[in-house]
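Student: structure-v7.cif is the file, holding mmCIF, C-alpha atoms:
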data_model
loop_
_atom_site.label_atom_id
_atom_site.label_comp_id
_atom_site.auth_asym_id
_atom_site.auth_seq_id
_atom_site.Cartn_x
_atom_site.Cartn_y
_atom_site.Cartn_z
CA MET J 1 -209.16 183.30 -18.36
CA LYS J 2 -208.93 186.71 -20.02
CA ASN J 3 -211.84 185.89 -22.38
CA ILE J 4 -213.94 184.48 -19.53
CA SER J 5 -213.38 187.59 -17.46
CA HIS J 6 -214.29 189.83 -20.41
CA LEU J 7 -217.49 187.89 -21.20
CA LEU J 8 -218.50 187.96 -17.55
CA TYR J 9 -217.95 191.70 -17.38
CA GLU J 10 -220.09 192.32 -20.50
CA PHE J 11 -222.82 190.06 -19.08
CA LEU J 12 -222.95 192.12 -15.88
CA ILE J 13 -223.09 195.37 -17.83
CA ASP J 14 -225.97 194.00 -19.91
CA LYS J 15 -227.83 193.31 -16.66
CA GLY J 16 -227.81 197.02 -15.96
CA LEU J 17 -225.05 197.15 -13.35
CA SER J 18 -222.73 200.10 -13.19
CA ASP J 19 -219.13 199.80 -14.39
CA THR J 20 -217.71 199.89 -10.84
CA ILE J 21 -220.07 197.29 -9.40
CA ALA J 22 -219.70 195.08 -12.48
CA ALA J 23 -215.90 195.31 -12.17
CA TYR J 24 -215.96 194.29 -8.49
CA ILE J 25 -218.33 191.40 -9.06
CA ASN J 26 -216.32 190.35 -12.09
CA VAL J 27 -213.02 190.23 -10.19
CA ILE J 28 -214.55 188.32 -7.26
CA ILE J 29 -216.19 185.68 -9.45
CA SER J 30 -213.12 185.38 -11.68
CA PHE J 31 -210.89 184.97 -8.62
CA LEU J 32 -213.12 182.24 -7.19
CA LEU J 33 -213.20 180.43 -10.53
CA LEU J 34 -209.41 180.68 -10.74
CA VAL J 35 -208.97 179.26 -7.22
CA ILE J 36 -211.28 176.33 -8.01
CA ALA J 37 -209.48 175.70 -11.29
CA LEU J 38 -206.07 175.84 -9.60
CA LEU J 39 -207.16 173.40 -6.89
CA ILE J 40 -208.35 170.95 -9.56
CA ILE J 41 -205.13 171.38 -11.56
CA ASP J 42 -203.06 170.93 -8.39
CA PHE J 43 -204.92 167.71 -7.54
CA ILE J 44 -204.55 166.33 -11.08
CA SER J 45 -200.87 167.31 -11.42
CA ARG J 46 -199.98 165.66 -8.10
CA LYS J 47 -201.85 162.50 -9.03
CA VAL J 48 -200.22 162.31 -12.46
CA LEU J 49 -196.72 162.96 -11.16
CA ARG J 50 -197.17 160.43 -8.36
CA LYS J 51 -198.42 157.77 -10.79
CA VAL J 52 -195.59 158.40 -13.24
CA SER J 53 -193.05 158.33 -10.39
CA ASN J 54 -194.44 155.05 -9.04
CA SER J 55 -194.21 153.50 -12.51
CA ILE J 56 -190.60 154.61 -12.92
CA ALA J 57 -189.70 153.41 -9.41
CA ALA J 58 -191.29 150.01 -10.04
CA ALA J 59 -189.29 149.55 -13.25
CA SER J 60 -186.02 150.83 -11.76
CA LYS J 61 -183.64 148.75 -9.64
CA THR J 62 -182.14 151.69 -7.78
CA LYS J 63 -183.53 152.73 -4.42
CA LEU J 64 -183.11 156.46 -5.09
CA ASP J 65 -186.41 156.89 -6.92
CA ASP J 66 -188.24 155.04 -4.12
CA LEU J 67 -186.79 157.51 -1.64
CA PHE J 68 -187.94 160.41 -3.84
CA ILE J 69 -191.48 159.09 -3.50
CA ASP J 70 -191.16 158.41 0.24
CA ASN J 71 -190.05 162.01 0.81
CA LYS J 72 -192.95 163.35 -1.35
CA VAL J 73 -190.74 165.06 -3.92
CA PRO J 74 -193.15 164.49 -6.89
CA ARG J 75 -196.10 165.72 -4.84
CA ARG J 76 -194.36 168.96 -3.94
CA VAL J 77 -193.12 169.51 -7.48
CA GLY J 78 -196.74 169.17 -8.57
CA HIS J 79 -197.57 172.38 -6.70
CA LEU J 80 -195.44 174.36 -9.16
CA ILE J 81 -197.78 173.76 -12.13
CA PRO J 82 -200.84 175.60 -10.70
CA LEU J 83 -198.50 178.25 -9.28
CA VAL J 84 -197.11 179.06 -12.73
CA ILE J 85 -200.64 179.16 -14.16
CA ALA J 86 -201.77 181.49 -11.38
CA TYR J 87 -198.77 183.78 -11.91
CA TYR J 88 -199.55 184.34 -15.61
CA THR J 89 -203.35 184.46 -15.13
CA THR J 90 -203.56 186.88 -12.21
CA PRO J 91 -202.79 190.05 -14.26
CA TYR J 92 -205.88 189.43 -16.42
CA ILE J 93 -208.16 189.08 -13.40
CA PHE J 94 -206.93 192.17 -11.56
CA GLN J 95 -206.20 194.30 -14.62
CA ASP J 96 -208.61 197.00 -13.40
CA PHE J 97 -207.20 196.89 -9.87
CA PRO J 98 -203.41 197.51 -10.01
CA LYS J 99 -202.96 197.44 -6.21
CA LEU J 100 -204.70 194.08 -5.88
CA GLU J 101 -202.68 192.79 -8.82
CA ASN J 102 -199.40 193.82 -7.18
CA LEU J 103 -200.51 192.28 -3.90
CA ALA J 104 -201.49 189.01 -5.61
CA ILE J 105 -198.19 188.86 -7.55
CA LEU J 106 -196.27 189.48 -4.31
CA PHE J 107 -198.16 186.69 -2.59
CA LEU J 108 -197.48 184.27 -5.46
CA GLN J 109 -193.77 185.14 -5.44
CA LEU J 110 -193.53 184.47 -1.71
CA LEU J 111 -195.51 181.25 -2.13
CA ALA J 112 -193.09 180.19 -4.88
CA ILE J 113 -190.14 180.71 -2.53
CA VAL J 114 -191.82 178.57 0.16
CA ILE J 115 -192.63 175.78 -2.31
CA VAL J 116 -189.08 175.75 -3.69
CA LEU J 117 -187.73 175.55 -0.13
CA ARG J 118 -190.03 172.60 0.62
CA ILE J 119 -188.87 170.87 -2.56
CA SER J 120 -185.24 171.53 -1.59
CA ARG J 121 -185.85 170.06 1.84
CA ALA J 122 -187.48 166.96 0.36
CA LEU J 123 -184.55 166.53 -2.06
CA LEU J 124 -181.99 166.88 0.73
CA ASN J 125 -183.85 164.38 2.92
CA THR J 126 -183.91 161.99 -0.04
CA LEU J 127 -180.16 162.31 -0.54
CA LYS J 128 -179.61 161.88 3.21
CA SER J 129 -181.61 158.65 3.26
CA TYR J 130 -179.87 157.45 0.09
CA PHE J 131 -176.36 158.09 1.39
CA LYS J 132 -177.18 156.25 4.60
CA THR J 133 -177.77 153.08 2.57
CA PHE J 134 -174.02 152.93 1.84
CA PRO J 135 -172.17 150.98 4.56
CA LYS J 136 -169.14 153.27 4.36
CA LEU J 137 -171.28 156.35 5.09
CA GLN J 138 -173.50 154.99 7.85
CA ASP J 139 -171.20 156.21 10.62
CA LYS J 140 -170.68 159.66 9.06
CA PRO J 141 -172.52 162.80 10.27
CA ILE J 142 -174.64 163.11 7.10
CA ASP J 143 -177.41 164.85 9.07
CA SER J 144 -175.03 167.71 9.85
CA TYR J 145 -174.22 168.34 6.19
CA VAL J 146 -177.88 168.21 5.20
CA GLN J 147 -178.73 170.70 7.93
CA VAL J 148 -175.97 173.03 6.72
CA PHE J 149 -177.34 173.00 3.17
CA MET J 150 -180.88 173.47 4.48
CA ILE J 151 -179.83 176.44 6.60
CA PHE J 152 -178.12 177.93 3.55
CA ALA J 153 -181.29 177.38 1.51
CA TRP J 154 -183.41 179.06 4.19
CA PHE J 155 -181.03 182.01 4.26
CA VAL J 156 -181.33 182.40 0.52
CA GLY J 157 -185.12 182.04 0.74
CA ILE J 158 -185.42 184.65 3.50
CA PHE J 159 -183.19 187.08 1.61
CA LEU J 160 -185.23 186.57 -1.58
CA ALA J 161 -188.48 187.09 0.33
CA LEU J 162 -187.20 190.30 1.93
CA ALA J 163 -185.93 191.53 -1.42
CA VAL J 164 -189.34 190.84 -2.98
CA ILE J 165 -191.24 192.56 -0.17
CA THR J 166 -188.98 195.63 -0.10
CA LYS J 167 -188.62 195.67 -3.91
CA ILE J 168 -184.87 196.12 -3.54
CA ASN J 169 -182.39 194.45 -5.87
CA LEU J 170 -181.14 191.21 -4.30
CA TRP J 171 -177.46 192.11 -4.62
CA SER J 172 -178.05 195.53 -3.09
CA PHE J 173 -179.95 193.87 -0.29
CA LEU J 174 -177.12 191.40 0.38
CA ALA J 175 -174.58 194.21 0.37
CA GLY J 176 -176.57 195.98 3.05
CA LEU J 177 -176.39 192.92 5.26
CA GLY J 178 -172.70 193.58 5.86
CA THR J 179 -173.65 196.27 8.35
CA ILE J 180 -175.51 193.76 10.54
CA SER J 181 -173.09 190.84 10.10
CA ALA J 182 -171.99 191.09 13.73
CA ILE J 183 -175.58 190.63 14.90
CA ILE J 184 -176.01 187.66 12.56
CA ILE J 185 -172.85 186.02 13.93
CA LEU J 186 -174.06 186.57 17.50
CA VAL J 187 -177.52 185.13 16.82
CA PHE J 188 -176.20 182.11 14.95
CA LYS J 189 -173.15 181.52 17.14
CA ASP J 190 -174.15 177.98 18.13
CA THR J 191 -174.99 177.09 14.55
CA ILE J 192 -171.64 178.34 13.29
CA LEU J 193 -169.76 176.54 16.07
CA GLY J 194 -171.72 173.38 15.37
CA PHE J 195 -170.99 173.60 11.67
CA VAL J 196 -167.24 174.01 12.24
CA ALA J 197 -167.28 171.22 14.83
CA SER J 198 -169.16 168.87 12.48
CA ILE J 199 -166.51 169.37 9.81
CA GLN J 200 -163.70 168.73 12.30
CA VAL J 201 -165.45 165.68 13.75
CA ALA J 202 -165.89 164.18 10.28
CA THR J 203 -162.46 165.17 8.97
CA ASN J 204 -160.52 163.97 12.01
CA ASP J 205 -162.77 160.94 12.53
CA ILE J 206 -163.26 161.87 16.19
CA VAL J 207 -166.68 160.30 16.63
CA ARG J 208 -168.79 158.02 14.46
CA ILE J 209 -172.38 156.91 14.75
CA GLY J 210 -172.28 153.69 16.77
CA ASP J 211 -169.24 154.65 18.87
CA TRP J 212 -169.39 154.09 22.61
CA ILE J 213 -168.38 157.33 24.33
CA THR J 214 -168.16 158.46 27.95
CA PHE J 215 -168.66 162.18 28.56
CA ASP J 216 -168.71 162.83 32.32
CA LYS J 217 -169.47 166.53 31.97
CA TYR J 218 -172.82 165.79 30.30
CA GLY J 219 -173.51 162.48 32.05
CA ALA J 220 -173.24 160.53 28.80
CA ASP J 221 -172.18 156.89 28.79
CA GLY J 222 -173.45 154.95 25.80
CA TYR J 223 -173.61 154.72 22.02
CA VAL J 224 -173.78 157.66 19.61
CA ILE J 225 -177.03 157.35 17.67
CA GLU J 226 -177.14 160.67 15.86
CA ILE J 227 -174.75 163.49 14.90
CA ASN J 228 -176.45 166.73 13.89
CA LEU J 229 -175.26 170.23 13.16
CA ALA J 230 -175.89 171.46 16.71
CA THR J 231 -176.16 168.32 18.85
CA VAL J 232 -174.92 164.76 19.27
CA LYS J 233 -177.38 162.23 20.72
CA VAL J 234 -176.06 159.45 22.94
CA GLN J 235 -178.22 156.55 24.06
CA ASN J 236 -176.98 155.63 27.52
CA PHE J 237 -176.91 152.06 28.81
CA ASP J 238 -180.02 152.77 30.92
CA ASN J 239 -181.78 153.68 27.62
CA THR J 240 -181.94 157.38 28.44
CA ILE J 241 -180.88 159.88 25.78
CA THR J 242 -178.21 162.51 26.47
CA THR J 243 -177.83 165.47 24.12
CA ILE J 244 -174.36 166.98 23.78
CA PRO J 245 -173.47 170.16 21.84
CA THR J 246 -171.47 169.17 18.78
CA TYR J 247 -168.78 171.75 19.46
CA ALA J 248 -168.24 170.18 22.93
CA LEU J 249 -166.61 167.22 21.15
CA ILE J 250 -163.89 169.65 20.07
CA SER J 251 -163.64 171.94 23.08
CA ASP J 252 -163.97 169.41 25.92
CA SER J 253 -162.39 166.07 26.78
CA PHE J 254 -164.31 162.81 26.51
CA LYS J 255 -163.53 159.11 26.16
CA ASN J 256 -164.20 157.19 22.94
CA TRP J 257 -164.11 153.41 23.41
CA ARG J 258 -163.72 152.68 19.70
CA GLY J 259 -160.05 151.80 20.19
CA MET J 260 -161.05 149.10 22.64
CA SER J 261 -163.81 147.84 20.34
CA ASP J 262 -161.40 147.62 17.41
CA SER J 263 -158.66 145.94 19.45
CA ASP J 264 -158.27 142.24 20.28
CA GLY J 265 -159.25 142.52 23.94
CA ARG J 266 -160.80 144.56 26.74
CA ARG J 267 -158.64 145.55 29.68
CA ILE J 268 -159.05 144.06 33.14
CA LYS J 269 -157.42 146.25 35.79
CA ARG J 270 -158.35 145.47 39.37
CA ALA J 271 -156.46 144.96 42.62
CA LEU J 272 -156.67 142.94 45.84
CA TYR J 273 -155.53 144.71 49.02
CA ILE J 274 -153.41 142.46 51.24
CA LYS J 275 -152.91 143.17 54.95
CA GLN J 276 -149.25 144.03 55.45
CA GLU J 277 -149.03 142.13 58.75
CA SER J 278 -149.95 138.88 56.98
CA VAL J 279 -146.89 139.03 54.68
CA LYS J 280 -144.09 136.68 55.76
CA PHE J 281 -141.10 134.59 54.64
CA LEU J 282 -141.88 130.96 53.83
CA LEU J 283 -140.40 128.20 55.96
CA PRO J 284 -139.38 124.92 54.28
CA GLU J 285 -142.52 123.24 55.59
CA ASP J 286 -144.60 126.12 54.18
CA VAL J 287 -143.01 125.57 50.76
CA GLN J 288 -143.77 121.85 50.90
CA LYS J 289 -147.38 122.60 51.79
CA LEU J 290 -147.76 125.04 48.89
CA LYS J 291 -146.29 122.50 46.45
CA LYS J 292 -149.61 120.68 46.69
CA ILE J 293 -151.10 123.53 44.62
CA GLN J 294 -150.57 122.09 41.13
CA LEU J 295 -150.28 125.38 39.24
CA ILE J 296 -147.14 126.38 41.16
CA THR J 297 -145.60 122.99 42.04
CA THR J 298 -142.95 123.16 39.31
CA TYR J 299 -142.31 126.85 39.94
CA LEU J 300 -141.69 126.30 43.67
CA SER J 301 -139.34 123.35 43.09
CA ASN J 302 -137.21 125.19 40.53
CA ARG J 303 -137.30 128.48 42.40
CA GLN J 304 -136.31 126.95 45.73
CA LYS J 305 -133.35 125.14 44.13
CA LYS J 306 -132.05 128.38 42.65
CA ILE J 307 -132.46 130.24 45.93
CA ASP J 308 -130.69 127.50 47.94
CA ALA J 309 -127.83 127.37 45.41
CA SER J 310 -127.43 131.15 45.51
CA ASN J 311 -127.40 131.26 49.32
CA ARG J 312 -124.83 128.44 49.53
CA SER J 313 -122.54 130.09 47.01
CA LEU J 314 -122.63 133.31 49.03
CA GLY J 315 -122.18 131.57 52.37
CA ILE J 316 -125.38 132.99 53.84
CA ASN J 317 -126.18 132.25 57.48
CA ARG J 318 -129.62 130.60 57.37
CA GLU J 319 -130.34 130.77 61.07
CA LEU J 320 -132.46 133.84 60.35
CA LEU J 321 -134.78 133.88 57.30
CA VAL J 322 -134.08 137.55 56.72
CA ASN J 323 -130.55 136.61 55.63
CA GLY J 324 -130.09 135.93 51.94
CA ARG J 325 -132.83 135.19 49.47
CA ASN J 326 -136.16 133.70 50.53
CA LEU J 327 -139.58 133.02 49.13
CA THR J 328 -142.47 135.07 50.53
CA ASN J 329 -146.12 134.13 50.65
CA ILE J 330 -147.14 137.31 48.81
CA GLY J 331 -144.57 136.69 46.06
CA VAL J 332 -145.71 133.11 45.57
CA PHE J 333 -149.33 134.29 45.53
CA ARG J 334 -148.51 136.79 42.77
CA LYS J 335 -146.95 133.99 40.74
CA TYR J 336 -149.98 131.82 41.35
CA MET J 337 -152.32 134.58 40.15
CA GLU J 338 -150.24 135.08 37.01
CA THR J 339 -150.16 131.35 36.24
CA TYR J 340 -153.91 131.04 36.80
CA ILE J 341 -154.61 133.94 34.44
CA LEU J 342 -152.35 132.42 31.77
CA GLN J 343 -154.33 129.18 31.75
CA HIS J 344 -157.74 130.91 31.80
CA SER J 345 -159.65 130.45 28.51
CA GLY J 346 -161.21 133.92 28.61
CA ILE J 347 -157.91 135.84 28.56
CA ASN J 348 -156.09 137.02 25.43
CA LYS J 349 -152.55 135.68 25.89
CA GLU J 350 -151.18 137.75 22.99
CA MET J 351 -151.76 141.04 24.80
CA LEU J 352 -150.07 142.49 27.88
CA LEU J 353 -150.52 140.31 30.95
CA MET J 354 -149.03 140.85 34.39
CA VAL J 355 -149.74 140.76 38.12
CA ARG J 356 -147.95 143.59 39.85
CA GLN J 357 -147.46 144.92 43.37
CA LEU J 358 -148.25 148.60 43.80
CA ALA J 359 -147.06 150.99 46.49
CA PRO J 360 -148.43 150.17 49.96
CA THR J 361 -151.43 152.22 51.09
CA THR J 362 -153.32 152.70 54.34
CA GLN J 363 -155.62 149.91 53.18
CA GLY J 364 -152.81 147.45 52.58
CA ILE J 365 -150.62 146.30 49.71
CA PRO J 366 -152.38 146.38 46.31
CA ILE J 367 -151.79 143.32 44.13
CA GLU J 368 -153.10 144.40 40.75
CA VAL J 369 -154.18 142.22 37.85
CA TYR J 370 -153.52 143.79 34.46
CA CYS J 371 -154.64 141.78 31.44
CA PHE J 372 -157.16 141.72 28.58
CA SER J 373 -160.24 139.56 28.12
CA SER J 374 -160.63 138.06 24.66
CA ASP J 375 -164.40 138.70 24.73
CA LYS J 376 -165.20 142.43 24.68
CA ARG J 377 -168.96 142.19 25.17
CA TRP J 378 -169.90 143.87 28.42
CA GLU J 379 -171.74 140.97 30.07
CA ASN J 380 -169.05 138.43 29.09
CA TYR J 381 -166.26 140.79 30.10
CA GLU J 382 -167.79 141.24 33.56
CA TYR J 383 -168.23 137.48 33.90
CA ILE J 384 -164.58 136.78 33.04
CA MET J 385 -163.32 139.41 35.46
CA ALA J 386 -165.59 138.18 38.26
CA ASP J 387 -164.56 134.58 37.58
CA LEU J 388 -160.90 135.50 38.05
CA PHE J 389 -161.40 137.42 41.28
CA ASP J 390 -163.86 134.94 42.74
CA HIS J 391 -161.04 132.42 42.56
CA PHE J 392 -158.36 134.78 43.88
CA LEU J 393 -160.48 135.86 46.84
CA ALA J 394 -161.04 132.24 47.81
CA SER J 395 -157.34 131.37 47.29
CA VAL J 396 -155.78 134.04 49.52
CA SER J 397 -156.13 132.02 52.73
CA TYR J 398 -154.12 129.11 51.26
CA PHE J 399 -151.08 131.40 51.25
CA ASP J 400 -151.60 132.57 54.86
CA LEU J 401 -152.51 136.03 53.57
CA GLU J 402 -155.39 138.24 54.67
CA LEU J 403 -157.40 140.77 52.70
CA PHE J 404 -157.95 144.25 54.10
CA GLU J 405 -161.52 145.17 54.97
CA LEU J 406 -162.81 148.07 57.01
CA PRO J 407 -164.38 146.83 60.26
CA SER J 408 -168.15 146.84 60.62
CA SER J 409 -170.16 147.41 63.77
CA ARG J 410 -170.24 143.65 64.39
CA SER J 411 -166.43 143.64 64.57
CA TYR J 412 -166.62 145.43 67.94
CA ILE J 413 -169.01 142.95 69.54
CA PRO J 414 -167.01 140.97 72.17
CA THR J 415 -166.91 137.24 71.72
CA GLU J 416 -167.42 134.85 74.66
#
Please, can you express the file's structure as C-alpha cells?
Tutor:
Amino acid sequence: MKNISHLLYEFLIDKGLSDTIAAYINVIISFLLLVIALLIIDFISRKVLRKVSNSIAAASKTKLDDLFIDNKVPRRVGHLIPLVIAYYTTPYIFQDFPKLENLAILFLQLLAIVIVLRISRALLNTLKSYFKTFPKLQDKPIDSYVQVFMIFAWFVGIFLALAVITKINLWSFLAGLGTISAIIILVFKDTILGFVASIQVATNDIVRIGDWITFDKYGADGYVIEINLATVKVQNFDNTITTIPTYALISDSFKNWRGMSDSDGRRIKRALYIKQESVKFLLPEDVQKLKKIQLITTYLSNRQKKIDASNRSLGINRELLVNGRNLTNIGVFRKYMETYILQHSGINKEMLLMVRQLAPTTQGIPIEVYCFSSDKRWENYEYIMADLFDHFLASVSYFDLELFELPSSRSYIPTE
C-alpha cells in the first residue's frame, strides 16, 4: 500500500498538480482503494473461516463446534483480519496528514473493541447453549451467569474505549473511577441485587427452571421458564407471562411446589359443613338401618358391641341416650368417609390420611378430608378430589345429616 500510494502521488505530480492538491487526491484515492480491498478481504476471510469451520464440525462428533457456527463465531472472528491489515496500513496512507492518521487509528481501536465484544458475546452464547445440553444443568440459571460475564466484558470495553479516547493510561483511568463508585452502585443497583440473588438462588437451590411457583405479590402462578440476571419469567397456567425481579425470590415470600412434585402424592384438603341441628344420637333402629351400608356394616356391629358392654359394666341408665356412650350420626359418617377414602384407587394409602372434625363455625361443623392423591397431575388430581366429594355430598342424607347452605331468594317464597 505504501508503494501504491507513492506511485500515485508521483503520477499526480507528473500531471502538473501542486503538491497540496496531489497529496489530497492521493489520500482520498488510497483510502477508497484500501476500503475496497478491506471489504474484499473481509468477505474472503469470512467465507474461508466458515467453510473450514463447517468441515471441522461435520467431521467432529461433539456439538460444541456446531454451536460455534450457529452463534456466528467464525464469521465475527473473520472481521479481525481486515482490521489488523487496516491498522498497519493506515499510517502509510495518512503519513502527510498526522491529524487524520490519529483520527483513523482511534477509530480502528474503538472498532477493535466493539468486534472483540461481539466475539465475546458469541462465545458466551455458545457456551450457554452448550451447557444447556447437559441434563444436570438444564434447570440452573445459566443465563444469569452469562449475563454477568457479558456485563463485565462491556465494562472492560467501555473503560478501554474511554481510556483510548482520553489517551489516559488504563490503570490511571480505573483508579479515578473510585471517586464515582457511589454513582455506579446507584445506577447499577438492580443489576448488583440481581447478581447476588442469582448466586443465592443457584447456591441454595431455591428455584429451578421448570419449577411450579406461586407468587401472589406479582400475580404469578405457573412454571419458571427462564432465570436471568435481573428477572425470572413465569409462564402462568393461562399462558400469560409474569416477570419477577430476581432479588424478589430472596427478599419476598413465595410458594415453590417442587416438594409436592417430588413427593408421592398431592394433598387433598377440603371440608363439608354440617348443620349442627342435624347432629343426633343413633337409636338402635337407626343403627340397624345404617348396617345396610356395606362399608360400615362390620364397624357398626363391632362398635355397638363394645359400647353396650361398656355401658353395662358401668351400670348406665339407658332410658336417656345422653347417658353413657352412644353412636352419633356425624361420627358414623366420619368413619364412613374414612373407609371410603381408604378403598379409593386414586388415594395414596402410604401417606397421611384422616377425616377430622374442626371447631364449629357460624356455617356449621366442618368435617375435613385430609389425604393425598397418588396422581399429581392437575386434571387427574381435580378429578379424584371431585369424585370423592361427589359421593360424600350424595351420601350425607343417608345419615340424617344436612349440609349448610346460605339461603337464596327462592328460599323465602312461601309454599302452598
Student: List as a ChimeraX atom specification the protein and nucleic acid residues near stretch 375-389 of chain J, meaning an atom at most 7 Å away when all atoms listed in the file are counted, but skip any in the same chain fewer than 6 places from it.
Tutor: /J:265-266,268,346
Student: Could you tell me which of J:Leu67, J:Leu321, J:Leu327, J:Val207 comes closest to J:Leu290 if we count only C-alpha atoms?
Tutor: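 Going through J:Leu67, J:Leu321, J:Leu327, J:Val207 one by one, the smallest distance to J:Leu290 is for J:Leu327.
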Student: Residues near J:Arg356, anyone? I mean within 8 Å using all atoms listed in the file, not counting same-chain ones fewer than 5 positions away, as number ranges by chain.
Tutor: J: 334, 367-370
Student: With all atoms listed in the file as the counted atoms, please give the residues lying no more than 7 Å from stretch 71-75 of chain J, apart from itself and same-chain residues fewer than 5 positions off, as a ChimeraX atom specification.
Tutor: /J:46,49-50,119,122-123,125-126
Student: Can you check which parts of stretch 59-138 of chain J lie within 8 Å of stretch 153-165 of chain J? Per residue, the shortest pair of atoms and distance in Å to one decimal, counting all atoms listed in the file, sorted by chain and number, as CSV.
Tutor:
residue,atom,partner,partner_atom,distance
J:Leu106,CA,J:Val164,CA,7.2
J:Gln109,CA,J:Val164,CA,7.6
J:Leu110,CA,J:Ala161,CA,6.0
J:Ile113,CA,J:Gly157,CA,6.1
J:Val114,CA,J:Gly157,CA,7.6
J:Leu117,CA,J:Ala153,CA,6.9
J:Ser120,CA,J:Ala153,CA,7.7
Student: Apply the PyMOL selection byres ((chain J and resi 283) around 12) to the file shown and report the selected residues as a PyMOL selection string.
Tutor: chain J and resi 280-282+284-290+304+318-322+326-329
Student: Quote the spacing between atom CA of J:Tyr336 and atom CA of J:Leu406 in Å to one decimal place.
Tutor: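 If I compute the distance from atom CA of J:Tyr336 to atom CA of J:Leu406, I get 26.0 Å.
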Student: Could you tell me, as a PyMOL selection string, exactly which residues end up selected when the PyMOL selection byres ((chain J and resi 249) around 12) is applied to this structure?
Tutor: chain J and resi 193-194+196-202+204-208+213-215+217-218+227+230-233+243-248+250-256
Student: Considering all atoms listed in the file, can you say which of J:Glu402, J:Ser263, J:Phe134, J:Asn302 comes closest to J:Glu350?
Tutor: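 Answer, going by the shortest atom-to-atom distance: J:Ser263.
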Student: Smallest atom-to-atom distance to J:Ile365: which of J:Phe404, J:Tyr340, J:Phe399, J:Phe68, using all atoms listed in the file?
Tutor: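 Counting all atoms listed in the file, the residue closest to J:Ile365 is J:Phe404.
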Student: Measure the distance from atom CA of J:Asp390 to atom CA of J:Met260 in Å and round it to one decimal.
Tutor: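 Computing the Euclidean distance for atom CA of J:Asp390 and atom CA of J:Met260 yields 24.7 Å.
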Student: Excluding J:Asn228 and its own-chain neighbours fewer than 6 positions away, which residues fall within 9 Å of it when counting all atoms listed in the file? Please give them as a list in words.
Tutor: Pro141, Ile142, Asp143, Ser144, Tyr145, Val146, Gln147, Gly194, Ser198 and Thr246 of chain J
Student: Determine the nearest neighbour of J:Leu229 from the options J:Ile28, J:Ile296, J:Ile151, J:Lys306, counting all atoms listed in the file.
Tutor: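 Among the listed residues, J:Ile151 lies closest to J:Leu229.
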Student: For each of J:Pro366, J:Gly259, J:Pro91, J:Pro407, take the minimum atom-to-atom distance to J:Ile330, counting only C-alpha atoms, then give the residue where this is smallest.
Tutor: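 The answer is J:Pro366, which sits nearest to J:Ile330.
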Student: If I take atom CA of J:Ile274 and atom CA of J:Gly364, how far is one from the other in Å, to one decimal?
Tutor: 5.2 Å
Student: With distances taken over all atoms listed in the file, which of J:Leu38, J:Leu127, J:Ala57, J:Leu100 is nearest to J:Ile85?
Tutor: J:Leu38
Student: Might you spell out which residues the PyMOL selection byres ((chain J and resi 90) around 10) would select in the displayed file, as a list in words?
Tutor: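 So the PyMOL selection byres ((chain J and resi 90) around 10) ends up selecting Met1, Lys2, Ser30, Phe31, Leu34, Ile85, Ala86, Tyr87, Tyr88, Thr89, Pro91, Tyr92, Ile93, Phe94, Gln95, Leu100, Glu101, Asn102, Ala104, Ile105 and Leu108 of chain J.
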